[in-house]
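Okay, structure first, notes after.
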Amino acid sequence: MSNTEKGGLHRVRNFLSCRQVLSLLTMLGFMLNYALRVNLTIAIVAMVRPNVTAPVNATSAGNATLAGNSTAGNSTLSLDGVDDYEDRFAWDSYQTNFVLGCFFWGYILTELPGGRLAELIGGRRVFGHSMLWASLLTLITPLAAHINYVVLIVVRVVLGFMLGASWPAIHPVAAVWIPPMERSKFMSNMMASSLGAAITMPICGFLISIAGWASVFYLTGAVGLLWSLAWFAFVYETPATHPRISSEERREIEEAIGTSTSKKRASHVPWADMLCSPAVWAIIICHGLAVFGFFTVVNQLPTFMAKILHFDIKQNGLFSSLPYLGKYVMAVASSYLADYLRKKGTLSTTATRKLFTTFALVIPGLLMIAQVFLGYDATWSVTIFSLALFAHGAVTAGYLGNGLDIAPNFGGTIFGMANTLSSLGGYVSTWMVGALTYNDESFHSWQIVFWILAGTYISAALVFVVLGSGELQPWNNPPERVRINDVNQEEGVPLKNEK
């Protein structure tokens with residue numbers, strides 16, 4: 001390497017630390033993660049011939065948003081401009097909903113295996129490759145749709161299979177790269193998916209209007225590929241293997257993490273201890289209930305507003321995007337506050353996680369009770385739902401990264417179990433609303449929905465307050481069952497002492 005190149009790297013290193021680069025790419029990665037999974041939900045209305053099937057609403061397409069997506073109701077958005085009738089497909093309502101929902105089949109299969117695989121071979125590889133292959137699959141989606149309906153189904157299932165591993169994979173990355181007192185801030189990057197929601201929908205709608213529905217897949221796929229190249233170029237598995245990290249930053253990370261994260265990747269999971277741990281079940285149950293509430297609020301709001309209040313929230317860009325922007329702002333702000341309180345010693349990790357989880361879930365629960373009595377008014381409904389999503393963003397300072405507190409060596413496995421359960425929330429949510437409103441689409445039926453949501457949110461908070469913990473669990477470092485030499489490890493170069 002020339003002196004000029006070395007000087008350039010030195011200037012970059014002084015401008016952004018390796019952790020800051022990791023945090024930035026993680027934030028962009030989760031924004032793109034959202035875009036890669038919902039582009040079809042947005043483009044579907046321009047792909048299907050209008051005389052064959054009616055627009056897909058939030059209730060019928062609710063399963064398409066199962067894996068952390070936002071509103072399927074946005075697929076009804078009006079698209080003017082490029083409209084080639086021959087480029088559309090003669091799918092009926094059943095086929096349309098089938099292609100929207102099949103993403104989930106692959107997604108739910110790789111949550112737990114993806115988290116464990118990231119613990120074994122490294123989160124950088126799993127997260128990076130899941131996004132890389134998802135981007136390639138997105139690029140060929142228009143071709144798949146034109147080849148055959150079944151081919152498109154296969155592409156969407158495999159896409160879900162790839163993206164399912166991405167969410168739990170980021171926990172092992174944080175376990176080796178992020179000091180414990182900074183992990184709340186890092187985990188807030190996962191909420192960048194909400195920021196992606198606020199950006200993706202209007203951009204994709206504009207693209208379809210000027211260049212056709214295929215442009216959505218080409219743009220999101222191409223940006224995903226560029227992100228993947230940057231990820232593999234600038235992110236490394238551990239500080240010890242990073243060629244550009246300064247000795248000061250590496251020492252700071254390794255000393256802060258200490259022995260809580262093992263340098264030798266655990267060759268087996270202590271399943272018995274883990275499944276008997278109240279702290280683990282606190283995360284799993286809390287996440288499952290919280291995401292069920294979130295899915296119901298996000299997916300069913302357009303249906304409630306349209307059928308009961310006769311107010312089309314999808315036509316108002318501010319109402320559609322503001323809750324997601326607010327949720328991300330809350331995620332970042334609460335995470336910075338949580339880490340500050342922990343670092344100052346004002347609150348213990350256990351108290352911090354319980355406090356912010358309670359805030360993030362009890363506030364939406366109380367707001368759902370308010371919705372029971374005030375929800376007949378459109379202004380009140382929009383305000384209440386927006387505030388509920390805003391408060392929910394504080395989960396990043398609460399239970400969301402709690403697996404890294406109690407067992408950083410198995411954070412991916414714990415979150416994989418929790419996200420597998422929560423992924424069912426979209427189906428249960430859609431079924432529940434459909435069952436309650438099938439014969440009676442009155443405000444009274446929706447009041448029952450809001451009472452259930454209130455109970456779900458508050459119950460989730462109570463479970464975490466009673467069972468949750470922020471203390472490192474004794475089973476985090478289990479004894480090895482195989483010789484260390486038999487396990488492929490990445491140790492990197494030793495850190496030299498500098499005077």
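We name chains A, B, ... following the order of the structure tokens; residues begin at 1 in each chain, and ligands are numbered from 1 as shown.
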
If we count only C-alpha atoms and set the cut-off at 8 Å, which residues sit around A:Val126, ignoring sequence neighbours fewer than 5 positions away in its own chain? Please answer as a PDB file with N, CA, C and O atoms, in the first residue's frame.
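Written out: selection.pdb:
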ATOM      1  N   GLY A 114     -30.819 -19.073  11.772  1.00  0.00           N
ATOM      2  CA  GLY A 114     -29.999 -17.926  11.391  1.00  0.00           C
ATOM      3  C   GLY A 114     -29.268 -17.331  12.567  1.00  0.00           C
ATOM      4  O   GLY A 114     -28.091 -16.961  12.475  1.00  0.00           O
ATOM      5  N   LEU A 117     -26.537 -19.861  13.570  1.00  0.00           N
ATOM      6  CA  LEU A 117     -25.465 -19.879  12.575  1.00  0.00           C
ATOM      7  C   LEU A 117     -24.563 -18.658  12.727  1.00  0.00           C
ATOM      8  O   LEU A 117     -23.328 -18.761  12.600  1.00  0.00           O
ATOM      9  N   ALA A 118     -25.167 -17.504  13.030  1.00  0.00           N
ATOM     10  CA  ALA A 118     -24.378 -16.285  13.217  1.00  0.00           C
ATOM     11  C   ALA A 118     -23.458 -16.405  14.423  1.00  0.00           C
ATOM     12  O   ALA A 118     -22.351 -15.862  14.430  1.00  0.00           O
ATOM     13  N   ILE A 121     -20.495 -18.952  12.947  1.00  0.00           N
ATOM     14  CA  ILE A 121     -19.580 -18.514  11.881  1.00  0.00           C
ATOM     15  C   ILE A 121     -19.427 -17.005  11.813  1.00  0.00           C
ATOM     16  O   ILE A 121     -18.603 -16.504  11.054  1.00  0.00           O
ATOM     17  N   ALA A 165     -33.045 -14.759   8.371  1.00  0.00           N
ATOM     18  CA  ALA A 165     -31.831 -14.903   9.177  1.00  0.00           C
ATOM     19  C   ALA A 165     -31.204 -13.568   9.546  1.00  0.00           C
ATOM     20  O   ALA A 165     -30.337 -13.513  10.425  1.00  0.00           O
ATOM     21  N   SER A 166     -31.639 -12.488   8.917  1.00  0.00           N
ATOM     22  CA  SER A 166     -30.932 -11.215   9.082  1.00  0.00           C
ATOM     23  C   SER A 166     -31.159 -10.588  10.453  1.00  0.00           C
ATOM     24  O   SER A 166     -30.221 -10.045  11.049  1.00  0.00           O
ATOM     25  N   ALA A 169     -29.252 -12.290  13.311  1.00  0.00           N
ATOM     26  CA  ALA A 169     -27.808 -12.305  13.034  1.00  0.00           C
ATOM     27  C   ALA A 169     -27.095 -11.073  13.553  1.00  0.00           C
ATOM     28  O   ALA A 169     -25.878 -11.113  13.777  1.00  0.00           O
TER      29      ALA A 169
END

- Message: With DSSP run on the backbone, what are the alpha helix (DSSP H) residues within stretch 259-431 of chain A? I'd like them as a ChimeraX atom specification.
- Response: /A:271-275,278-307,317-344,349-374,378-392,402-406,411-423,425-431

- Note on the structure: re atom CA of A:Lys343 and atom CA of A:Pro179: distance 10.9 Å

- Selected residue of minimal separation from A:Leu137 among A:Phe98, A:Ala256, A:Ile170, A:Thr220, counting only C-alpha atoms: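 Looking at the shortest contact to A:Leu137, the residue is A:Thr220.
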
- Message: Calculated over only C-alpha atoms, which of the candidates A:Ala418, A:Ile178, A:Val382, A:Ile363 has the smallest distance to A:Ala394?
- Response: A:Ile363

- For A:Phe103, list every protein, DNA or RNA residue within 9 Å, evaluated using only C-alpha atoms, and leave out those in the same chain fewer than 2 positions away; present the list as a ChimeraX atom specification. /A:37,64,66-67,99-101,105-107,153,155-161

Pull N, CA and C atoms from the residues just selected and write them as a PDB file, in the first residue's frame.
ATOM      1  N   ARG A  37     -38.431  -6.472   1.364  1.00  0.00           N
ATOM      2  CA  ARG A  37     -39.548  -7.362   1.676  1.00  0.00           C
ATOM      3  C   ARG A  37     -40.898  -6.783   1.299  1.00  0.00           C
ATOM      4  N   ALA A  64     -49.237 -10.723   4.391  1.00  0.00           N
ATOM      5  CA  ALA A  64     -48.051 -10.309   3.639  1.00  0.00           C
ATOM      6  C   ALA A  64     -47.126  -9.448   4.466  1.00  0.00           C
ATOM      7  N   LEU A  66     -46.449  -9.997   7.607  1.00  0.00           N
ATOM      8  CA  LEU A  66     -46.202 -10.768   8.812  1.00  0.00           C
ATOM      9  C   LEU A  66     -44.841 -10.546   9.412  1.00  0.00           C
ATOM     10  N   ALA A  67     -43.829 -10.415   8.608  1.00  0.00           N
ATOM     11  CA  ALA A  67     -42.462 -10.445   9.121  1.00  0.00           C
ATOM     12  C   ALA A  67     -41.899  -9.066   9.370  1.00  0.00           C
ATOM     13  N   VAL A  99     -49.421 -14.801  -3.322  1.00  0.00           N
ATOM     14  CA  VAL A  99     -48.062 -14.370  -3.641  1.00  0.00           C
ATOM     15  C   VAL A  99     -47.555 -13.354  -2.615  1.00  0.00           C
ATOM     16  N   LEU A 100     -48.462 -12.600  -2.010  1.00  0.00           N
ATOM     17  CA  LEU A 100     -48.064 -11.665  -0.955  1.00  0.00           C
ATOM     18  C   LEU A 100     -47.687 -12.389   0.331  1.00  0.00           C
ATOM     19  N   GLY A 101     -48.416 -13.436   0.651  1.00  0.00           N
ATOM     20  CA  GLY A 101     -48.203 -14.117   1.924  1.00  0.00           C
ATOM     21  C   GLY A 101     -47.124 -15.172   1.924  1.00  0.00           C
ATOM     22  N   TRP A 105     -43.440 -18.100   4.522  1.00  0.00           N
ATOM     23  CA  TRP A 105     -43.068 -19.513   4.600  1.00  0.00           C
ATOM     24  C   TRP A 105     -41.569 -19.681   4.800  1.00  0.00           C
ATOM     25  N   GLY A 106     -40.797 -18.939   4.028  1.00  0.00           N
ATOM     26  CA  GLY A 106     -39.353 -19.040   4.170  1.00  0.00           C
ATOM     27  C   GLY A 106     -38.840 -18.268   5.364  1.00  0.00           C
ATOM     28  N   TYR A 107     -39.479 -17.142   5.660  1.00  0.00           N
ATOM     29  CA  TYR A 107     -39.012 -16.253   6.722  1.00  0.00           C
ATOM     30  C   TYR A 107     -38.986 -16.936   8.079  1.00  0.00           C
ATOM     31  N   ILE A 153     -43.592 -17.355  -6.951  1.00  0.00           N
ATOM     32  CA  ILE A 153     -43.826 -17.887  -5.603  1.00  0.00           C
ATOM     33  C   ILE A 153     -42.524 -18.413  -5.014  1.00  0.00           C
ATOM     34  N   VAL A 155     -39.435 -17.626  -5.799  1.00  0.00           N
ATOM     35  CA  VAL A 155     -38.512 -16.520  -5.536  1.00  0.00           C
ATOM     36  C   VAL A 155     -38.874 -15.820  -4.226  1.00  0.00           C
ATOM     37  N   ARG A 156     -40.160 -15.602  -3.996  1.00  0.00           N
ATOM     38  CA  ARG A 156     -40.579 -14.918  -2.767  1.00  0.00           C
ATOM     39  C   ARG A 156     -40.344 -15.779  -1.527  1.00  0.00           C
ATOM     40  N   VAL A 157     -40.543 -17.078  -1.640  1.00  0.00           N
ATOM     41  CA  VAL A 157     -40.292 -17.970  -0.508  1.00  0.00           C
ATOM     42  C   VAL A 157     -38.810 -17.972  -0.158  1.00  0.00           C
ATOM     43  N   VAL A 158     -37.951 -18.065  -1.175  1.00  0.00           N
ATOM     44  CA  VAL A 158     -36.508 -18.063  -0.933  1.00  0.00           C
ATOM     45  C   VAL A 158     -36.063 -16.703  -0.405  1.00  0.00           C
ATOM     46  N   LEU A 159     -36.690 -15.635  -0.875  1.00  0.00           N
ATOM     47  CA  LEU A 159     -36.396 -14.301  -0.353  1.00  0.00           C
ATOM     48  C   LEU A 159     -36.693 -14.240   1.144  1.00  0.00           C
ATOM     49  N   GLY A 160     -37.830 -14.759   1.540  1.00  0.00           N
ATOM     50  CA  GLY A 160     -38.157 -14.814   2.958  1.00  0.00           C
ATOM     51  C   GLY A 160     -37.176 -15.668   3.730  1.00  0.00           C
ATOM     52  N   PHE A 161     -36.754 -16.773   3.122  1.00  0.00           N
ATOM     53  CA  PHE A 161     -35.766 -17.663   3.744  1.00  0.00           C
ATOM     54  C   PHE A 161     -34.471 -16.914   4.027  1.00  0.00           C
TER      55      PHE A 161
END

- Tell me, as a PyMOL selection string, which residues lie within 8 Å of stretch 182-189 of chain A, counting only C-alpha atoms; anything in the same chain fewer than 4 positions away does not count. chain A and resi 23+26-27+30+174+178+328+331-332+335-336+338-339+396-397+400-401
